[in-house]
$ cat structure_22.csv   # CSV, N, CA and C atoms
chain,number,residue,atom,x,y,z
A,26,MET,N,18.0,-0.2,76.8
A,26,MET,CA,17.7,1.2,76.8
A,26,MET,C,16.2,1.5,76.8
A,27,ILE,N,15.8,2.6,77.4
A,27,ILE,CA,14.4,2.9,77.4
A,27,ILE,C,14.1,3.8,76.3
A,28,ILE,N,13.0,3.5,75.6
A,28,ILE,CA,12.5,4.2,74.4
A,28,ILE,C,11.2,4.9,74.8
A,29,PHE,N,11.1,6.2,74.4
A,29,PHE,CA,9.8,6.9,74.6
A,29,PHE,C,9.1,6.8,73.3
A,30,ASN,N,7.9,6.3,73.3
A,30,ASN,CA,7.0,6.1,72.1
A,30,ASN,C,6.0,7.3,72.0
A,31,ILE,N,6.6,8.5,72.1
A,31,ILE,CA,5.7,9.7,72.0
A,31,ILE,C,5.1,9.8,70.7
A,32,ASP,N,5.9,9.6,69.6
A,32,ASP,CA,5.3,9.7,68.2
A,32,ASP,C,4.1,8.8,68.0
A,33,ILE,N,4.2,7.6,68.6
A,33,ILE,CA,3.1,6.6,68.4
A,33,ILE,C,1.8,7.1,69.1
A,34,MET,N,2.0,7.6,70.3
A,34,MET,CA,0.9,8.1,71.1
A,34,MET,C,0.3,9.4,70.4
A,35,LEU,N,1.2,10.3,69.9
A,35,LEU,CA,0.7,11.5,69.2
A,35,LEU,C,-0.1,11.1,68.0
A,36,ALA,N,0.3,10.1,67.2
A,36,ALA,CA,-0.4,9.7,66.0
A,36,ALA,C,-1.8,9.1,66.4
A,37,ARG,N,-1.8,8.3,67.5
A,37,ARG,CA,-3.1,7.7,67.9
A,37,ARG,C,-4.1,8.7,68.4
A,38,ARG,N,-3.5,9.8,69.0
A,38,ARG,CA,-4.4,10.9,69.5
A,38,ARG,C,-4.6,12.0,68.5
A,39,LYS,N,-4.0,11.9,67.3
A,39,LYS,CA,-4.1,12.9,66.2
A,39,LYS,C,-3.7,14.3,66.8
A,40,MET,N,-2.6,14.3,67.5
A,40,MET,CA,-2.1,15.5,68.2
A,40,MET,C,-0.7,15.8,67.6
A,41,SER,N,-0.4,17.1,67.5
A,41,SER,CA,0.9,17.5,67.1
A,41,SER,C,1.8,17.7,68.3
A,42,LEU,N,3.1,17.7,68.0
A,42,LEU,CA,4.1,17.8,69.1
A,42,LEU,C,3.9,19.2,69.7
A,43,THR,N,3.6,20.2,68.9
A,43,THR,CA,3.4,21.6,69.4
A,43,THR,C,2.2,21.6,70.4
A,44,GLU,N,1.1,20.9,70.0
A,44,GLU,CA,-0.1,20.8,70.9
A,44,GLU,C,0.2,20.1,72.2
A,45,LEU,N,1.0,19.1,72.1
A,45,LEU,CA,1.4,18.4,73.3
A,45,LEU,C,2.3,19.3,74.2
A,46,SER,N,3.2,20.0,73.6
A,46,SER,CA,4.0,20.9,74.3
A,46,SER,C,3.2,21.9,75.1
A,47,GLU,N,2.2,22.5,74.5
A,47,GLU,CA,1.4,23.4,75.1
A,47,GLU,C,0.5,22.8,76.3
A,48,LYS,N,0.0,21.6,76.1
A,48,LYS,CA,-0.8,21.0,77.1
A,48,LYS,C,0.0,20.6,78.3
A,49,VAL,N,1.3,20.2,78.1
A,49,VAL,CA,2.1,19.7,79.1
A,49,VAL,C,3.0,20.8,79.8
A,50,GLY,N,3.2,21.8,79.0
A,50,GLY,CA,4.1,22.9,79.5
A,50,GLY,C,5.6,22.6,79.5
A,51,ILE,N,5.9,21.8,78.4
A,51,ILE,CA,7.3,21.4,78.2
A,51,ILE,C,7.7,22.0,76.8
A,52,THR,N,8.9,22.5,76.8
A,52,THR,CA,9.4,23.1,75.5
A,52,THR,C,9.5,22.0,74.4
A,53,LEU,N,9.4,22.4,73.2
A,53,LEU,CA,9.5,21.5,72.0
A,53,LEU,C,10.9,20.9,72.1
A,54,ALA,N,11.9,21.7,72.5
A,54,ALA,CA,13.3,21.1,72.5
A,54,ALA,C,13.4,20.0,73.5
A,55,ASN,N,12.7,20.1,74.7
A,55,ASN,CA,12.8,19.0,75.7
A,55,ASN,C,12.0,17.8,75.3
A,56,LEU,N,10.8,18.1,74.6
A,56,LEU,CA,10.1,16.9,74.1
A,56,LEU,C,10.9,16.2,73.0
A,57,SER,N,11.6,16.9,72.2
A,57,SER,CA,12.4,16.3,71.1
A,57,SER,C,13.5,15.5,71.8
A,58,ILE,N,14.1,15.9,72.9
A,58,ILE,CA,15.1,15.1,73.5
A,58,ILE,C,14.5,13.8,74.0
A,59,LEU,N,13.3,13.9,74.6
A,59,LEU,CA,12.7,12.6,75.0
A,59,LEU,C,12.4,11.7,73.8
A,60,LYS,N,11.9,12.3,72.7
A,60,LYS,CA,11.5,11.5,71.5
A,60,LYS,C,12.7,10.8,70.9
A,61,THR,N,13.8,11.5,70.9
A,61,THR,CA,15.0,10.9,70.2
A,61,THR,C,15.8,10.0,71.1
A,62,GLY,N,15.4,9.9,72.4
A,62,GLY,CA,16.1,9.0,73.3
A,62,GLY,C,17.4,9.6,73.8
A,63,LYS,N,17.6,10.9,73.8
A,63,LYS,CA,18.8,11.5,74.3
A,63,LYS,C,18.7,11.9,75.7
A,64,ALA,N,17.5,11.8,76.3
A,64,ALA,CA,17.3,12.2,77.7
A,64,ALA,C,18.0,11.2,78.6
A,65,LYS,N,18.6,11.7,79.6
A,65,LYS,CA,19.3,10.8,80.6
A,65,LYS,C,18.4,10.5,81.8
A,66,ALA,N,17.3,11.3,82.0
A,66,ALA,CA,16.4,11.1,83.1
A,66,ALA,C,15.1,11.8,82.7
A,67,VAL,N,14.0,11.4,83.4
A,67,VAL,CA,12.7,12.0,83.2
A,67,VAL,C,12.1,12.1,84.6
A,68,ARG,N,11.5,13.2,84.9
A,68,ARG,CA,10.8,13.4,86.2
A,68,ARG,C,9.5,12.6,86.2
A,69,VAL,N,9.1,12.1,87.3
A,69,VAL,CA,7.8,11.4,87.4
A,69,VAL,C,6.7,12.4,87.1
A,70,GLU,N,6.9,13.7,87.6
A,70,GLU,CA,5.9,14.7,87.3
A,70,GLU,C,5.8,15.0,85.8
A,71,THR,N,6.8,14.9,85.1
A,71,THR,CA,6.8,15.1,83.6
A,71,THR,C,6.0,13.9,83.0
A,72,LEU,N,6.3,12.7,83.4
A,72,LEU,CA,5.7,11.5,82.9
A,72,LEU,C,4.2,11.6,83.2
A,73,ASN,N,3.8,12.0,84.4
A,73,ASN,CA,2.4,12.2,84.8
A,73,ASN,C,1.7,13.2,83.9
A,74,LYS,N,2.4,14.3,83.6
A,74,LYS,CA,1.8,15.3,82.7
A,74,LYS,C,1.6,14.7,81.3
A,75,LEU,N,2.6,14.0,80.8
A,75,LEU,CA,2.5,13.4,79.5
A,75,LEU,C,1.3,12.4,79.4
A,76,CYS,N,1.2,11.6,80.4
A,76,CYS,CA,0.1,10.6,80.5
A,76,CYS,C,-1.3,11.3,80.6
A,77,ARG,N,-1.3,12.3,81.3
A,77,ARG,CA,-2.6,13.0,81.4
A,77,ARG,C,-3.0,13.7,80.1
A,78,ALA,N,-2.0,14.3,79.4
A,78,ALA,CA,-2.3,15.0,78.1
A,78,ALA,C,-2.6,14.0,77.0
A,79,LEU,N,-2.0,12.8,77.1
A,79,LEU,CA,-2.2,11.8,76.0
A,79,LEU,C,-3.2,10.7,76.4
A,80,ASP,N,-3.8,10.8,77.6
A,80,ASP,CA,-4.8,9.9,78.1
A,80,ASP,C,-4.2,8.5,77.9
A,81,CYS,N,-3.1,8.2,78.6
A,81,CYS,CA,-2.5,6.9,78.5
A,81,CYS,C,-1.8,6.5,79.8
A,82,GLN,N,-1.3,5.3,79.8
A,82,GLN,CA,-0.5,4.8,81.0
A,82,GLN,C,1.0,5.0,80.7
A,83,PRO,N,1.8,5.0,81.7
A,83,PRO,CA,3.3,5.1,81.5
A,83,PRO,C,3.8,4.0,80.6
A,84,GLY,N,3.3,2.8,80.7
A,84,GLY,CA,3.7,1.7,79.8
A,84,GLY,C,3.4,1.9,78.4
A,85,ASP,N,2.4,2.8,78.1
A,85,ASP,CA,2.1,3.1,76.7
A,85,ASP,C,3.2,4.0,76.1
A,86,LEU,N,3.9,4.7,76.9
A,86,LEU,CA,5.0,5.7,76.5
A,86,LEU,C,6.3,5.1,76.5
A,87,LEU,N,6.6,4.2,77.5
A,87,LEU,CA,7.9,3.7,77.7
A,87,LEU,C,8.1,2.2,77.2
A,88,GLU,N,9.2,1.9,76.6
A,88,GLU,CA,9.5,0.6,76.2
A,88,GLU,C,11.0,0.3,76.4
A,89,PHE,N,11.3,-0.9,76.9
A,89,PHE,CA,12.7,-1.3,77.1
A,89,PHE,C,13.2,-2.1,75.9
A,90,ARG,N,14.3,-1.8,75.4
A,90,ARG,CA,15.0,-2.5,74.3
A,90,ARG,C,16.4,-2.8,74.7
A,91,GLU,N,16.9,-4.0,74.3
A,91,GLU,CA,18.3,-4.2,74.6
A,91,GLU,C,19.2,-3.3,73.7
A,92,ASP,N,20.3,-2.9,74.3
A,92,ASP,CA,21.2,-2.0,73.5
A,92,ASP,C,21.7,-2.8,72.3
A,93,GLU,N,21.9,-2.1,71.2
A,93,GLU,CA,22.3,-2.7,70.0
A,93,GLU,C,23.8,-2.8,69.8
A,94,THR,N,24.6,-2.5,70.9
A,94,THR,CA,26.0,-2.4,70.8
A,94,THR,C,26.7,-3.7,70.8
$ encode --input "structure_22.csv" --output "structure tokens"
Amino acid sequence: MIIFNIDIMLARRKMSLTELSEKVGITLANLSILKTGKAKAVRVETLNKLCRALDCQPGDLLEFREDET
């Protein structure tokens, strides 16, 4: 499964989820879906906006982990 490390990047940037939401133009609800791993897909455009706002690379946000099932 793919994990979004948004919390880690927010902590490193000393940024709140609300601030990220405003910079990226994504609702808090949709960011929460990404954070919790409930998203089924993510647009490249959204990933681009997140990377720009957090000054990071896609690999800083995304991580692959084997399913625990």
$ atom_distance --input "structure_22.csv" --atom1 "CA of Glu91 (chain A)" --atom2 "CA of Ile28 (chain A)"
10.2 Å
$ residues_around --input "structure_22.csv" --residues "Leu53 (chain A)" --least-positions-apart "4" --cutoff "7 Å" --atoms "all atoms listed in the file" --output "JSON, numbers by chain"
{"A": [42, 43, 46, 57, 58]}
$ closest_residue --input "structure_22.csv" --among "A:Glu93, A:Leu86, A:Leu59, A:Gly50" --to "Lys74 (chain A)" --atoms "all atoms listed in the file"
A:Gly50
$ closest_residue --input "structure_22.csv" --among "A:Met26, A:Gln82, A:Glu88, A:Asp32" --to "Lys60 (chain A)" --atoms "all atoms listed in the file"
A:Asp32
$ select_by_dssp --input "structure_22.csv" --residues "region 27-93 of chain A" --states "strand (DSSP E or B)" --output "list of chain:residue names"
A:Ile27, A:Ile28, A:Phe29, A:Leu87, A:Glu88, A:Phe89
$ select_by_dssp --input "structure_22.csv" --residues "chain A" --states "helix (DSSP H, G or I)" --output "MDAnalysis selection string"
chainID A and resid 31:38 42:49 53:61 69:79 83:86
$ atom_distance --input "structure_22.csv" --atom1 "atom C of Phe89 (chain A)" --atom2 "atom N of Lys48 (chain A)"
27.1 Å
$ residues_around --input "structure_22.csv" --residues "region 61-66 of chain A" --least-positions-apart "4" --cutoff "8 Å" --atoms "only N, CA and C atoms" --output "PDB file with N, CA and C atoms, keeping the file's coordinate frame"
ATOM      1  N   ILE A  27      15.800   2.600  77.400  1.00  0.00           N
ATOM      2  CA  ILE A  27      14.400   2.900  77.400  1.00  0.00           C
ATOM      3  C   ILE A  27      14.100   3.800  76.300  1.00  0.00           C
ATOM      4  N   ILE A  28      13.000   3.500  75.600  1.00  0.00           N
ATOM      5  CA  ILE A  28      12.500   4.200  74.400  1.00  0.00           C
ATOM      6  C   ILE A  28      11.200   4.900  74.800  1.00  0.00           C
ATOM      7  N   PHE A  29      11.100   6.200  74.400  1.00  0.00           N
ATOM      8  CA  PHE A  29       9.800   6.900  74.600  1.00  0.00           C
ATOM      9  C   PHE A  29       9.100   6.800  73.300  1.00  0.00           C
ATOM     10  N   ILE A  31       6.600   8.500  72.100  1.00  0.00           N
ATOM     11  CA  ILE A  31       5.700   9.700  72.000  1.00  0.00           C
ATOM     12  C   ILE A  31       5.100   9.800  70.700  1.00  0.00           C
ATOM     13  N   ASN A  55      12.700  20.100  74.700  1.00  0.00           N
ATOM     14  CA  ASN A  55      12.800  19.000  75.700  1.00  0.00           C
ATOM     15  C   ASN A  55      12.000  17.800  75.300  1.00  0.00           C
ATOM     16  N   LEU A  56      10.800  18.100  74.600  1.00  0.00           N
ATOM     17  CA  LEU A  56      10.100  16.900  74.100  1.00  0.00           C
ATOM     18  C   LEU A  56      10.900  16.200  73.000  1.00  0.00           C
ATOM     19  N   SER A  57      11.600  16.900  72.200  1.00  0.00           N
ATOM     20  CA  SER A  57      12.400  16.300  71.100  1.00  0.00           C
ATOM     21  C   SER A  57      13.500  15.500  71.800  1.00  0.00           C
TER      22      SER A  57
END
$ atom_distance --input "structure_22.csv" --atom1 "atom C of Glu70 (chain A)" --atom2 "CA of Asp92 (chain A)"
26.0 Å
$ closest_residue --input "structure_22.csv" --among "A:Asn30, A:Lys39, A:Glu44, A:Val49" --to "Leu75 (chain A)" --atoms "only C-alpha atoms"
A:Val49
